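The next block is my_file16.txt, given as compact mmCIF, C-alpha atoms.
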# COMPACT_ATOMS: atom_id res chain seq x y z
CA MET A 186 8.67 -25.79 -16.56
CA SER A 187 9.17 -22.33 -15.05
CA GLY A 188 7.49 -22.33 -11.65
CA VAL A 189 9.06 -21.16 -8.39
CA VAL A 190 9.52 -23.21 -5.25
CA ILE A 191 10.99 -21.59 -2.13
CA THR A 192 11.71 -23.87 0.81
CA GLY A 193 12.78 -22.85 4.32
CA LEU A 194 14.27 -19.56 3.13
CA HIS A 195 16.06 -17.41 5.69
CA ALA A 196 17.67 -14.09 4.74
CA GLY A 197 18.73 -10.87 6.39
CA TYR A 198 21.33 -8.17 6.70
CA GLY A 199 24.23 -8.78 9.06
CA PRO A 200 22.92 -10.05 12.40
CA THR A 201 19.34 -9.01 11.58
CA GLU A 202 17.24 -11.78 10.07
CA VAL A 203 14.33 -10.55 7.93
CA LEU A 204 12.93 -13.75 6.43
CA HIS A 205 12.30 -16.60 8.85
CA GLY A 206 11.80 -19.84 6.94
CA ILE A 207 9.74 -18.83 3.89
CA ASP A 208 7.87 -21.60 2.07
CA LEU A 209 6.25 -20.47 -1.18
CA SER A 210 5.16 -22.23 -4.35
CA VAL A 211 4.18 -20.65 -7.68
CA ALA A 212 3.03 -23.00 -10.43
CA ASP A 213 4.15 -22.73 -14.04
CA GLY A 214 2.15 -19.97 -15.77
CA GLU A 215 0.60 -18.78 -12.50
CA LEU A 216 0.37 -15.21 -11.24
CA ALA A 217 1.07 -15.15 -7.51
CA ALA A 218 0.92 -12.18 -5.16
CA VAL A 219 3.02 -11.78 -2.03
CA LEU A 220 0.94 -9.45 0.11
CA GLY A 221 2.08 -7.81 3.30
CA PRO A 222 2.49 -4.51 5.16
CA SER A 223 5.58 -2.31 5.01
CA GLY A 224 8.57 -3.84 6.77
CA CYS A 225 7.36 -7.45 6.56
CA GLY A 226 10.17 -8.62 4.23
CA LYS A 227 8.62 -8.26 0.76
CA THR A 228 11.57 -6.36 -0.71
CA THR A 229 14.12 -8.77 0.75
CA LEU A 230 12.21 -11.71 -0.70
CA LEU A 231 12.10 -10.07 -4.12
CA ARG A 232 15.84 -9.29 -3.97
CA VAL A 233 16.66 -12.90 -3.13
CA LEU A 234 14.50 -14.17 -6.00
CA ALA A 235 16.10 -11.73 -8.43
CA GLY A 236 19.60 -12.69 -7.28
CA HIS A 237 20.51 -9.33 -5.77
CA HIS A 238 20.74 -10.73 -2.23
CA ARG A 239 21.72 -14.17 -0.97
CA GLY A 240 19.65 -16.26 1.37
CA SER A 241 21.40 -17.52 4.49
CA ARG A 242 19.52 -20.84 4.60
CA GLY A 243 16.94 -22.69 2.54
CA THR A 244 16.56 -22.99 -1.22
CA VAL A 245 15.12 -21.04 -4.13
CA GLN A 246 14.26 -23.10 -7.18
CA VAL A 247 13.28 -21.59 -10.54
CA GLY A 248 12.02 -24.19 -12.98
CA ASP A 249 14.05 -27.35 -12.53
CA ARG A 250 17.20 -25.76 -11.07
CA VAL A 251 18.18 -24.41 -7.67
CA VAL A 252 19.38 -20.81 -8.02
CA ASP A 253 20.10 -20.18 -4.33
CA GLY A 254 20.92 -22.79 -1.71
CA GLU A 255 22.46 -26.25 -1.45
CA GLY A 256 25.88 -24.66 -1.94
CA ARG A 257 24.80 -23.03 -5.20
CA TRP A 258 24.15 -19.41 -6.13
CA VAL A 259 23.27 -18.32 -9.68
CA PRO A 260 23.96 -14.64 -10.51
CA PRO A 261 21.04 -12.44 -11.63
CA GLU A 262 21.96 -12.38 -15.32
CA ARG A 263 21.83 -16.17 -15.53
CA ARG A 264 18.54 -16.74 -13.70
CA ARG A 265 16.17 -15.78 -16.53
CA VAL A 266 14.26 -13.69 -13.99
CA THR A 267 13.20 -10.14 -14.89
CA VAL A 268 11.88 -7.34 -12.69
CA VAL A 269 9.22 -4.71 -13.39
CA PRO A 270 10.09 -2.04 -10.80
CA GLN A 271 7.99 0.75 -9.38
CA GLU A 272 7.36 3.56 -11.87
CA GLY A 273 8.78 1.52 -14.76
CA ALA A 274 12.37 2.79 -14.43
CA LEU A 275 12.78 3.12 -18.20
CA PHE A 276 16.05 4.37 -19.66
CA PRO A 277 15.33 8.08 -20.29
CA HIS A 278 17.85 8.41 -23.16
CA LEU A 279 16.35 5.49 -25.14
CA ASP A 280 13.12 5.51 -27.11
CA VAL A 281 10.38 2.92 -26.60
CA THR A 282 11.83 0.49 -29.16
CA ALA A 283 15.32 0.63 -27.64
CA ASN A 284 13.94 0.20 -24.12
CA VAL A 285 11.97 -2.92 -25.07
CA SER A 286 14.84 -4.44 -27.06
CA PHE A 287 17.51 -3.63 -24.47
CA GLY A 288 17.68 -7.13 -22.96
CA ILE A 289 17.52 -8.96 -26.30
CA ARG A 290 19.58 -6.67 -28.53
CA ARG A 291 22.16 -9.39 -29.21
CA THR A 292 19.62 -12.04 -30.22
CA PRO A 293 18.95 -12.83 -33.89
CA ASP A 294 15.21 -12.18 -33.66
CA VAL A 295 15.47 -8.86 -31.82
CA VAL A 296 13.53 -6.89 -34.46
CA ARG A 297 10.69 -9.38 -34.72
CA ARG A 298 10.40 -9.93 -30.96
CA THR A 299 10.47 -6.20 -30.21
CA ALA A 300 7.72 -5.52 -32.75
CA GLU A 301 5.71 -8.42 -31.33
CA MET A 302 5.96 -7.03 -27.80
CA LEU A 303 5.04 -3.49 -28.89
CA ASP A 304 1.95 -4.86 -30.61
CA LEU A 305 1.08 -6.92 -27.56
CA VAL A 306 1.15 -3.89 -25.23
CA GLY A 307 -0.50 -1.57 -27.75
CA MET A 308 2.54 0.70 -28.05
CA ALA A 309 3.54 0.18 -31.69
CA ALA A 310 2.38 3.70 -32.57
CA PHE A 311 4.72 5.10 -29.89
CA ALA A 312 7.79 3.11 -30.92
CA HIS A 313 10.02 6.18 -31.36
CA ARG A 314 8.85 8.24 -28.42
CA TYR A 315 10.95 8.75 -25.31
CA PRO A 316 9.79 7.97 -21.75
CA HIS A 317 9.15 11.63 -20.88
CA GLU A 318 6.69 11.79 -23.80
CA LEU A 319 4.55 8.95 -22.37
CA SER A 320 1.86 8.86 -19.70
CA GLY A 321 2.41 6.85 -16.52
CA GLY A 322 0.27 4.01 -17.82
CA GLN A 323 2.13 3.92 -21.13
CA GLN A 324 5.46 3.79 -19.31
CA GLN A 325 4.29 0.80 -17.30
CA ARG A 326 3.18 -1.01 -20.47
CA VAL A 327 6.64 -0.48 -21.95
CA ALA A 328 8.27 -1.70 -18.72
CA VAL A 329 6.22 -4.90 -18.86
CA ALA A 330 7.08 -5.39 -22.54
CA ARG A 331 10.77 -4.96 -21.73
CA ALA A 332 10.50 -7.55 -18.95
CA LEU A 333 8.67 -10.07 -21.14
CA ALA A 334 10.81 -9.63 -24.26
CA PRO A 335 13.58 -12.07 -23.21
CA ARG A 336 10.96 -14.77 -22.49
CA PRO A 337 12.02 -15.05 -18.83
CA SER A 338 11.27 -18.01 -16.61
CA VAL A 339 9.77 -15.66 -14.01
CA VAL A 340 8.62 -12.02 -14.00
CA LEU A 341 8.82 -10.18 -10.68
CA LEU A 342 6.49 -7.17 -10.32
CA ASP A 343 7.61 -4.82 -7.56
CA GLU A 344 4.51 -2.75 -6.68
CA PRO A 345 4.44 -1.56 -10.32
CA PHE A 346 1.13 0.31 -10.11
CA SER A 347 1.68 2.34 -6.93
CA ALA A 348 2.55 5.59 -8.75
CA LEU A 349 -0.61 5.59 -10.91
CA ASP A 350 -3.85 7.35 -10.02
CA ALA A 351 -6.77 5.17 -8.92
CA HIS A 352 -8.64 4.98 -12.26
CA LEU A 353 -5.51 4.39 -14.33
CA ARG A 354 -4.20 1.87 -11.80
CA GLU A 355 -7.22 -0.38 -12.27
CA GLN A 356 -7.01 -0.16 -16.05
CA VAL A 357 -3.27 -0.88 -16.24
CA ARG A 358 -3.53 -3.73 -13.73
CA SER A 359 -6.12 -5.43 -15.92
CA GLU A 360 -3.99 -4.89 -19.02
CA VAL A 361 -0.86 -6.28 -17.38
CA ARG A 362 -2.74 -9.36 -16.20
CA GLU A 363 -3.91 -10.03 -19.76
CA LEU A 364 -0.37 -9.51 -21.09
CA LEU A 365 1.02 -12.05 -18.66
CA ARG A 366 -1.74 -14.49 -19.60
CA ALA A 367 -1.04 -13.97 -23.31
CA GLU A 368 2.64 -14.77 -22.78
CA GLU A 369 1.80 -17.66 -20.41
CA ALA A 370 4.30 -16.09 -18.03
CA THR A 371 4.98 -17.19 -14.49
CA ALA A 372 4.83 -14.02 -12.40
CA LEU A 373 5.12 -12.92 -8.80
CA LEU A 374 3.63 -9.60 -7.70
CA VAL A 375 4.92 -8.00 -4.51
CA THR A 376 2.42 -5.55 -3.03
CA HIS A 377 0.91 -4.07 0.12
CA ASP A 378 -2.38 -3.35 -1.69
CA GLN A 379 -5.02 -5.91 -0.71
CA GLU A 380 -7.38 -5.07 -3.58
CA GLU A 381 -4.54 -5.39 -6.07
CA ALA A 382 -3.50 -8.81 -4.81
CA LEU A 383 -7.03 -10.20 -4.54
CA SER A 384 -8.13 -8.96 -7.97
CA LEU A 385 -5.03 -9.91 -9.95
CA ALA A 386 -3.53 -13.08 -8.54
CA ASP A 387 -4.31 -16.76 -8.96
CA THR A 388 -2.81 -17.41 -5.54
CA VAL A 389 -2.07 -15.03 -2.65
CA ALA A 390 0.68 -15.54 -0.08
CA VAL A 391 0.28 -13.34 3.00
CA LEU A 392 3.62 -12.27 4.49
CA HIS A 393 3.80 -11.13 8.11
CA ASP A 394 6.98 -10.46 10.10
CA GLY A 395 9.10 -12.42 7.63
CA ARG A 396 6.86 -15.48 7.49
CA ILE A 397 4.23 -16.69 5.04
CA VAL A 398 1.22 -17.07 7.31
CA GLN A 399 -1.16 -18.31 4.61
CA GLN A 400 -1.13 -19.12 0.90
CA ASP A 401 -4.34 -19.91 -0.94
CA SER A 402 -6.70 -18.62 -3.61
CA PRO A 403 -7.76 -14.96 -3.26
CA GLN A 404 -11.27 -15.98 -2.25
CA ALA A 405 -10.02 -18.43 0.36
CA VAL A 406 -7.61 -16.05 2.11
CA TYR A 407 -10.30 -13.36 2.22
CA GLU A 408 -13.22 -15.52 3.32
CA ARG A 409 -11.32 -18.17 5.30
CA PRO A 410 -8.22 -16.57 6.84
CA ASP A 411 -6.18 -18.62 9.30
CA ASP A 412 -6.12 -16.03 12.10
CA ARG A 413 -7.39 -12.62 13.20
CA TRP A 414 -4.31 -10.72 12.01
CA THR A 415 -4.71 -12.06 8.47
CA ALA A 416 -8.45 -11.41 8.56
CA ARG A 417 -7.98 -7.78 9.57
CA PHE A 418 -5.12 -7.15 7.18
CA LEU A 419 -7.18 -8.34 4.22
CA GLY A 420 -10.09 -6.00 4.88
CA GLU A 421 -12.68 -4.76 7.36
CA THR A 422 -13.93 -7.43 9.72
CA VAL A 423 -16.93 -8.20 11.87
CA LEU A 424 -15.68 -10.36 14.76
CA LEU A 425 -18.26 -11.80 17.14
CA ASP A 426 -17.64 -13.89 20.27
CA VAL A 427 -18.58 -17.56 20.09
CA GLN A 428 -20.84 -18.11 23.09
CA ASP A 429 -22.02 -21.57 22.09
CA PHE A 430 -21.45 -23.87 19.13
CA ASP A 431 -23.87 -26.45 17.71
CA PRO A 432 -21.87 -28.93 15.56
CA GLU A 433 -24.99 -30.75 14.40
CA PHE A 434 -26.42 -27.71 12.66
CA SER A 435 -23.11 -25.81 12.16
CA THR A 436 -24.31 -22.71 13.97
CA ALA A 437 -22.73 -20.50 16.61
CA GLU A 438 -24.46 -18.35 19.21
CA THR A 439 -23.06 -14.80 19.27
CA GLN A 440 -24.07 -11.40 20.62
CA ALA A 441 -25.71 -10.83 17.20
CA GLY A 442 -27.77 -14.02 17.51
CA ARG A 443 -27.30 -17.56 16.22
CA LEU A 444 -25.34 -17.55 12.95
CA PRO A 445 -24.53 -20.23 10.39
CA VAL A 446 -20.82 -21.09 10.15
CA ALA A 447 -18.85 -22.87 7.45
CA GLU A 448 -17.40 -25.76 9.45
CA PRO A 449 -16.38 -26.72 12.99
CA ARG A 450 -13.01 -25.53 14.27
CA GLU A 451 -11.45 -26.74 17.49
CA GLY A 452 -10.93 -23.97 20.02
CA ALA A 453 -12.91 -21.42 17.98
CA ARG A 454 -13.39 -18.14 19.84
CA TRP A 455 -14.75 -15.82 17.16
CA VAL A 456 -17.05 -15.82 14.16
CA LEU A 457 -15.67 -13.78 11.28
CA LEU A 458 -18.00 -11.99 8.87
CA ARG A 459 -17.16 -9.37 6.29
CA PRO A 460 -19.16 -6.10 6.37
CA GLU A 461 -20.77 -6.85 3.01
CA GLN A 462 -22.30 -10.02 4.51
CA LEU A 463 -24.45 -8.08 6.97
CA ILE A 464 -27.99 -7.45 5.76
CA LEU A 465 -29.66 -4.52 7.53
CA LEU A 466 -33.45 -4.57 7.77
CA PRO A 467 -35.20 -1.50 9.22
CA ASP A 468 -37.09 -2.61 12.31
CA PRO A 469 -38.13 -0.42 15.29
CA ASP A 470 -37.59 -3.46 17.52
CA GLY A 471 -34.24 -4.36 15.94
CA THR A 472 -31.17 -5.29 17.97
CA ALA A 473 -28.80 -2.72 16.42
CA THR A 474 -28.71 1.07 16.14
CA VAL A 475 -27.21 2.98 13.23
CA ASP A 476 -24.48 5.37 14.41
CA GLN A 477 -23.07 6.72 11.15
CA VAL A 478 -23.59 6.32 7.40
CA SER A 479 -20.78 7.14 4.95
CA PHE A 480 -21.76 7.22 1.29
CA HIS A 481 -19.15 5.81 -1.14
CA GLY A 482 -21.02 5.79 -4.44
CA PRO A 483 -21.69 2.11 -5.22
CA HIS A 484 -22.11 1.34 -1.52
CA ALA A 485 -22.49 2.94 1.89
CA ARG A 486 -20.47 2.08 4.99
CA VAL A 487 -22.66 1.86 8.08
CA ALA A 488 -21.36 1.95 11.66
CA LEU A 489 -23.71 0.14 14.06
CA THR A 490 -23.93 -0.70 17.72
CA LEU A 491 -25.64 -3.82 19.06
CA SER A 492 -27.86 -3.55 22.12
CA ASP A 493 -25.01 -4.92 24.30
CA GLY A 494 -22.63 -2.19 23.06
CA THR A 495 -20.75 -4.25 20.46
CA PRO A 496 -19.72 -2.08 17.47
CA LEU A 497 -20.19 -3.48 13.94
CA THR A 498 -19.62 -2.29 10.40
CA ALA A 499 -21.86 -3.11 7.43
CA ARG A 500 -21.37 -2.30 3.77
CA GLY A 501 -24.03 -2.26 1.08
CA ARG A 502 -26.71 -0.13 -0.60
CA TYR A 503 -27.77 1.51 2.66
CA GLY A 504 -27.47 5.18 1.75
CA ALA A 505 -31.08 5.82 2.82
CA LEU A 506 -30.42 4.79 6.44
CA ARG A 507 -29.99 7.57 8.97
CA PRO A 508 -28.18 7.72 12.33
CA GLY A 509 -30.44 6.61 15.15
CA ALA A 510 -32.42 4.13 13.04
CA ARG A 511 -33.03 0.68 14.51
CA VAL A 512 -32.31 -2.36 12.36
CA ARG A 513 -32.28 -6.11 12.68
CA LEU A 514 -29.49 -8.15 11.21
CA ASP A 515 -29.40 -11.02 8.78
CA VAL A 516 -26.35 -12.66 7.22
CA ASP A 517 -25.58 -13.39 3.61
CA GLY A 518 -23.69 -16.70 3.47
CA VAL A 519 -21.91 -18.16 6.47
CA GLY A 520 -19.41 -17.07 9.07
CA TRP A 521 -15.89 -18.40 9.48
CA LEU A 522 -14.62 -19.61 12.85
CA LEU A 523 -11.30 -18.31 14.17
CA ALA A 524 -9.31 -19.70 17.07
CA ASP A 525 -6.63 -17.00 17.33

Target format structure tokens, applied to this file:
Amino acid sequence: MSGVVITGLHAGYGPTEVLHGIDLSVADGELAAVLGPSGCGKTTLLRVLAGHHRGSRGTVQVGDRVVDGEGRWVPPERRRVTVVPQEGALFPHLDVTANVSFGIRRTPDVVRRTAEMLDLVGMAAFAHRYPHELSGGQQQRVAVARALAPRPSVVLLDEPFSALDAHLREQVRSEVRELLRAEEATALLVTHDQEEALSLADTVAVLHDGRIVQQDSPQAVYERPDDRWTARFLGETVLLDVQDFDPEFSTAETQAGRLPVAEPREGARWVLLRPEQLILLPDPDGTATVDQVSFHGPHARVALTLSDGTPLTARGRYGALRPGARVRLDVDGVGWLLAD
């Protein structure tokens, strides 16, 4: 067993508390993402998990043992937790083989394990090259191999793709996910990149002002966020006022008309839709006017205004629409009710 369970974790620096009662669970073999904006406490959480900073209250459990809390603190080198930092942070004076074997160089199977990891990350042909002779993506593969070589209980990924260009970032992310799957590793990715978290992780924990505000599957946190802040942080939103709710037919009356909603929610004030859910149908008598169309290749982003002045955003294959066009709206799927 090598999962992570964090319960009631508080941590900070001097009198300033940064983490305010974190509860987080990562199952054995699961890839979890902690997603949040700059300054929300992601780095502090990662430092506590790695053993580089002590929590002030609460517990951190890795596998079946508490590593921080309950009067116990396990130093970093005894936690079996490894970190893949930003930009790889490889040792510049060591070649690829020596970098990967660094943490296992005193083990009897160092040669076999190193070769196994180089094969796994597709870097066997570069075994004797130095970091400065590698591309950014190759350096990150070596960094992941180095982290996995000791067979850690948990791998911590600290925004490891942020220095890569957009095309390479997507490729390396996919490769790293497959590497972690192949090793059946338990991993926790710390990131501010919503797309990265949603596309990579099995579970996403949203961190805001030092608190986990929601943890669920990527689809659930995106489509069914707990509040407006989470909804907006995870992507563009369409928020419409609930003017009337019909529980029998699970519909809500809004300024965009009567819309289907997923389920009743006490005190609901808004219906949340994502821009890709809006279907725009050209209609001279439609209730919305196109203000602006921005072409983005696979889709276009359309700014609209309803007849009552409410601004909306739609996203889809609408590149042929022009400013000033009238459209009527339909919805793909259902809306999600929000109370706050």

Could the residues of range 393-498 of chain A that have an atom at most 9 Å from range 212-223 of chain A be listed as a Markdown table, each with its closest atom pair and the distance in Å to one decimal, counting only C-alpha atoms and ordered by chain and ascending residue number?
| residue | atom | partner | partner_atom | distance |
| --- | --- | --- | --- | --- |
| A:His393 | CA | A:Gly221 | CA | 6.1 |
| A:Asp394 | CA | A:Gly221 | CA | 8.8 |
| A:Ile397 | CA | A:Val219 | CA | 8.7 |
| A:Gln400 | CA | A:Val219 | CA | 8.9 |
| A:Phe418 | CA | A:Gly221 | CA | 8.2 |

Rank nothing, just name the residue among A:Gly501, A:Gly236, A:Gly248, A:Gly193 nearest to Val211 in chain A, using all atoms listed in the file.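 Of A:Gly501, A:Gly236, A:Gly248, A:Gly193, the one nearest Val211 in chain A is A:Gly248, counting all atoms listed in the file.
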
Expressed in Å, the length from CA of Pro469 in chain A to CA of Val423 in chain A is 22.8 Å

Range 198-200 of chain A: which residues within 12 Å, counting all atoms listed in the file, same-chain residues fewer than 5 positions away excluded, as a PyMOL selection string? chain A and resi 226+229+233+238-241

With distances taken over all atoms listed in the file, which residue among A:Thr299, A:Asn284, A:Gln271, A:Gln356 lies nearest Leu341 in chain A?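 The closest residue to Leu341 in chain A is A:Gln271.
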
Fewer than 4 positions away in the same chain doesn't count, so skip those; otherwise give me all residues within 9 Å of Thr228 in chain A, counting only C-alpha atoms, as a list in words.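 Result of the neighbour search: Gly224, Arg232, Val233, Asp343 and Val375 of chain A.
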
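With only C-alpha atoms as the atoms that count, the minimum distance from Ala334 in chain A to the choices A:Arg507, A:Arg290, A:Arg502, A:Arg298 is reached by A:Arg298.
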
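Considering all atoms listed in the file, the residue among A:Leu522, A:Leu491, A:Leu342, A:Leu457 positioned nearest to Glu381 in chain A is A:Leu342.
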
Excluding same-chain residues fewer than 3 positions from Glu421 in chain A, what lies within 10 Å of it counting only C-alpha atoms, as a PDB file with C-alpha atoms, keeping the file's coordinate frame?
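Writing done, so here's part05.pdb:
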ATOM      1  CA  ALA A 416      -8.450 -11.410   8.560  1.00  0.00           C
ATOM      2  CA  ARG A 417      -7.980  -7.780   9.570  1.00  0.00           C
ATOM      3  CA  PHE A 418      -5.120  -7.150   7.180  1.00  0.00           C
ATOM      4  CA  LEU A 424     -15.680 -10.360  14.760  1.00  0.00           C
ATOM      5  CA  LEU A 458     -18.000 -11.990   8.870  1.00  0.00           C
ATOM      6  CA  ARG A 459     -17.160  -9.370   6.290  1.00  0.00           C
ATOM      7  CA  PRO A 460     -19.160  -6.100   6.370  1.00  0.00           C
ATOM      8  CA  GLU A 461     -20.770  -6.850   3.010  1.00  0.00           C
ATOM      9  CA  THR A 498     -19.620  -2.290  10.400  1.00  0.00           C
ATOM     10  CA  ALA A 499     -21.860  -3.110   7.430  1.00  0.00           C
ATOM     11  CA  ARG A 500     -21.370  -2.300   3.770  1.00  0.00           C
TER      12      ARG A 500
END

Computed interatomic separation between CA of Ala405 in chain A and CA of Arg486 in chain A (Å): 23.5 Å

Which one of A:Gly288, A:Gly395, A:Gly321, A:Pro432 sits closest to Leu333 in chain A if you count all atoms listed in the file?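 Of A:Gly288, A:Gly395, A:Gly321, A:Pro432, the one nearest Leu333 in chain A, counting all atoms listed in the file, is A:Gly288.
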
Residues within 8 Å of Val339 in chain A, please, as JSON, numbers by chain. Count all atoms listed in the file; anything in the same chain fewer than 4 positions from it doesn't count. {"A": [187, 188, 189, 247, 265, 266, 267, 370, 371, 372, 373]}

Rank A:Gly254, A:Pro335, A:Gly504, A:Gly494 by their smallest atom-to-atom distance to Thr472 in chain A, using only C-alpha atoms, and report the top residue only.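 Closest candidate: A:Gly494.
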
Which residues, written as a PyMOL selection string, have at least one atom at most 8 Å from range 436-448 of chain A, with only C-alpha atoms counted and residues fewer than 6 positions away on the same chain left out? chain A and resi 425-430+456+472+491+493+495+514+516+518-522

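CA of Pro277 in chain A lies 25.4 Å from CA of Glu355 in chain A.
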
Filled-in all heavy atoms of range 268-276 of chain A, supplied as a compact mmCIF listing (two decimals), in the frame of the given file:
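Wrote it out as out_32.txt, contents follow:
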# COMPACT_ATOMS: atom_id res chain seq x y z
N VAL A 268 12.59 -8.14 -13.70
CA VAL A 268 11.88 -7.34 -12.69
C VAL A 268 11.20 -6.16 -13.36
O VAL A 268 11.81 -5.46 -14.18
CB VAL A 268 12.84 -6.84 -11.61
CG1 VAL A 268 12.09 -6.01 -10.57
CG2 VAL A 268 13.57 -8.00 -10.94
N VAL A 269 9.93 -5.94 -13.03
CA VAL A 269 9.22 -4.71 -13.39
C VAL A 269 9.17 -3.86 -12.13
O VAL A 269 8.41 -4.15 -11.20
CB VAL A 269 7.80 -4.99 -13.90
CG1 VAL A 269 7.10 -3.67 -14.25
CG2 VAL A 269 7.82 -5.91 -15.11
N PRO A 270 10.01 -2.82 -12.04
CA PRO A 270 10.09 -2.04 -10.80
C PRO A 270 8.98 -1.01 -10.70
O PRO A 270 8.19 -0.81 -11.62
CB PRO A 270 11.46 -1.35 -10.91
CG PRO A 270 11.64 -1.17 -12.39
CD PRO A 270 10.96 -2.35 -13.05
N GLN A 271 8.93 -0.36 -9.55
CA GLN A 271 7.99 0.75 -9.38
C GLN A 271 8.30 1.85 -10.39
O GLN A 271 9.45 2.13 -10.67
CB GLN A 271 8.09 1.31 -7.96
CG GLN A 271 7.67 0.35 -6.87
CD GLN A 271 7.76 0.96 -5.49
OE1 GLN A 271 7.65 2.17 -5.34
NE2 GLN A 271 7.95 0.13 -4.49
N GLU A 272 7.25 2.44 -10.93
CA GLU A 272 7.36 3.56 -11.87
C GLU A 272 8.12 3.21 -13.15
O GLU A 272 8.63 4.09 -13.85
CB GLU A 272 8.00 4.78 -11.19
CG GLU A 272 7.24 5.25 -9.97
CD GLU A 272 7.83 6.49 -9.36
OE1 GLU A 272 8.30 7.37 -10.10
OE2 GLU A 272 7.84 6.58 -8.12
N GLY A 273 8.22 1.91 -13.47
CA GLY A 273 8.78 1.52 -14.76
C GLY A 273 10.28 1.55 -14.86
O GLY A 273 10.90 0.64 -15.39
N ALA A 274 10.92 2.64 -14.38
CA ALA A 274 12.37 2.79 -14.43
C ALA A 274 12.92 2.57 -15.84
O ALA A 274 13.89 1.86 -16.04
CB ALA A 274 13.05 1.85 -13.44
N LEU A 275 12.29 3.21 -16.83
CA LEU A 275 12.78 3.12 -18.20
C LEU A 275 14.04 3.95 -18.37
O LEU A 275 14.28 4.90 -17.62
CB LEU A 275 11.70 3.62 -19.17
CG LEU A 275 10.37 2.87 -19.15
CD1 LEU A 275 9.38 3.52 -20.11
CD2 LEU A 275 10.55 1.40 -19.49
N PHE A 276 14.85 3.59 -19.36
CA PHE A 276 16.05 4.37 -19.66
C PHE A 276 15.63 5.68 -20.36
O PHE A 276 15.07 5.64 -21.46
CB PHE A 276 16.99 3.58 -20.56
CG PHE A 276 17.42 2.27 -19.97
CD1 PHE A 276 17.07 1.07 -20.55
CD2 PHE A 276 18.20 2.25 -18.82
CE1 PHE A 276 17.46 -0.14 -20.00
CE2 PHE A 276 18.60 1.04 -18.26
CZ PHE A 276 18.23 -0.16 -18.85
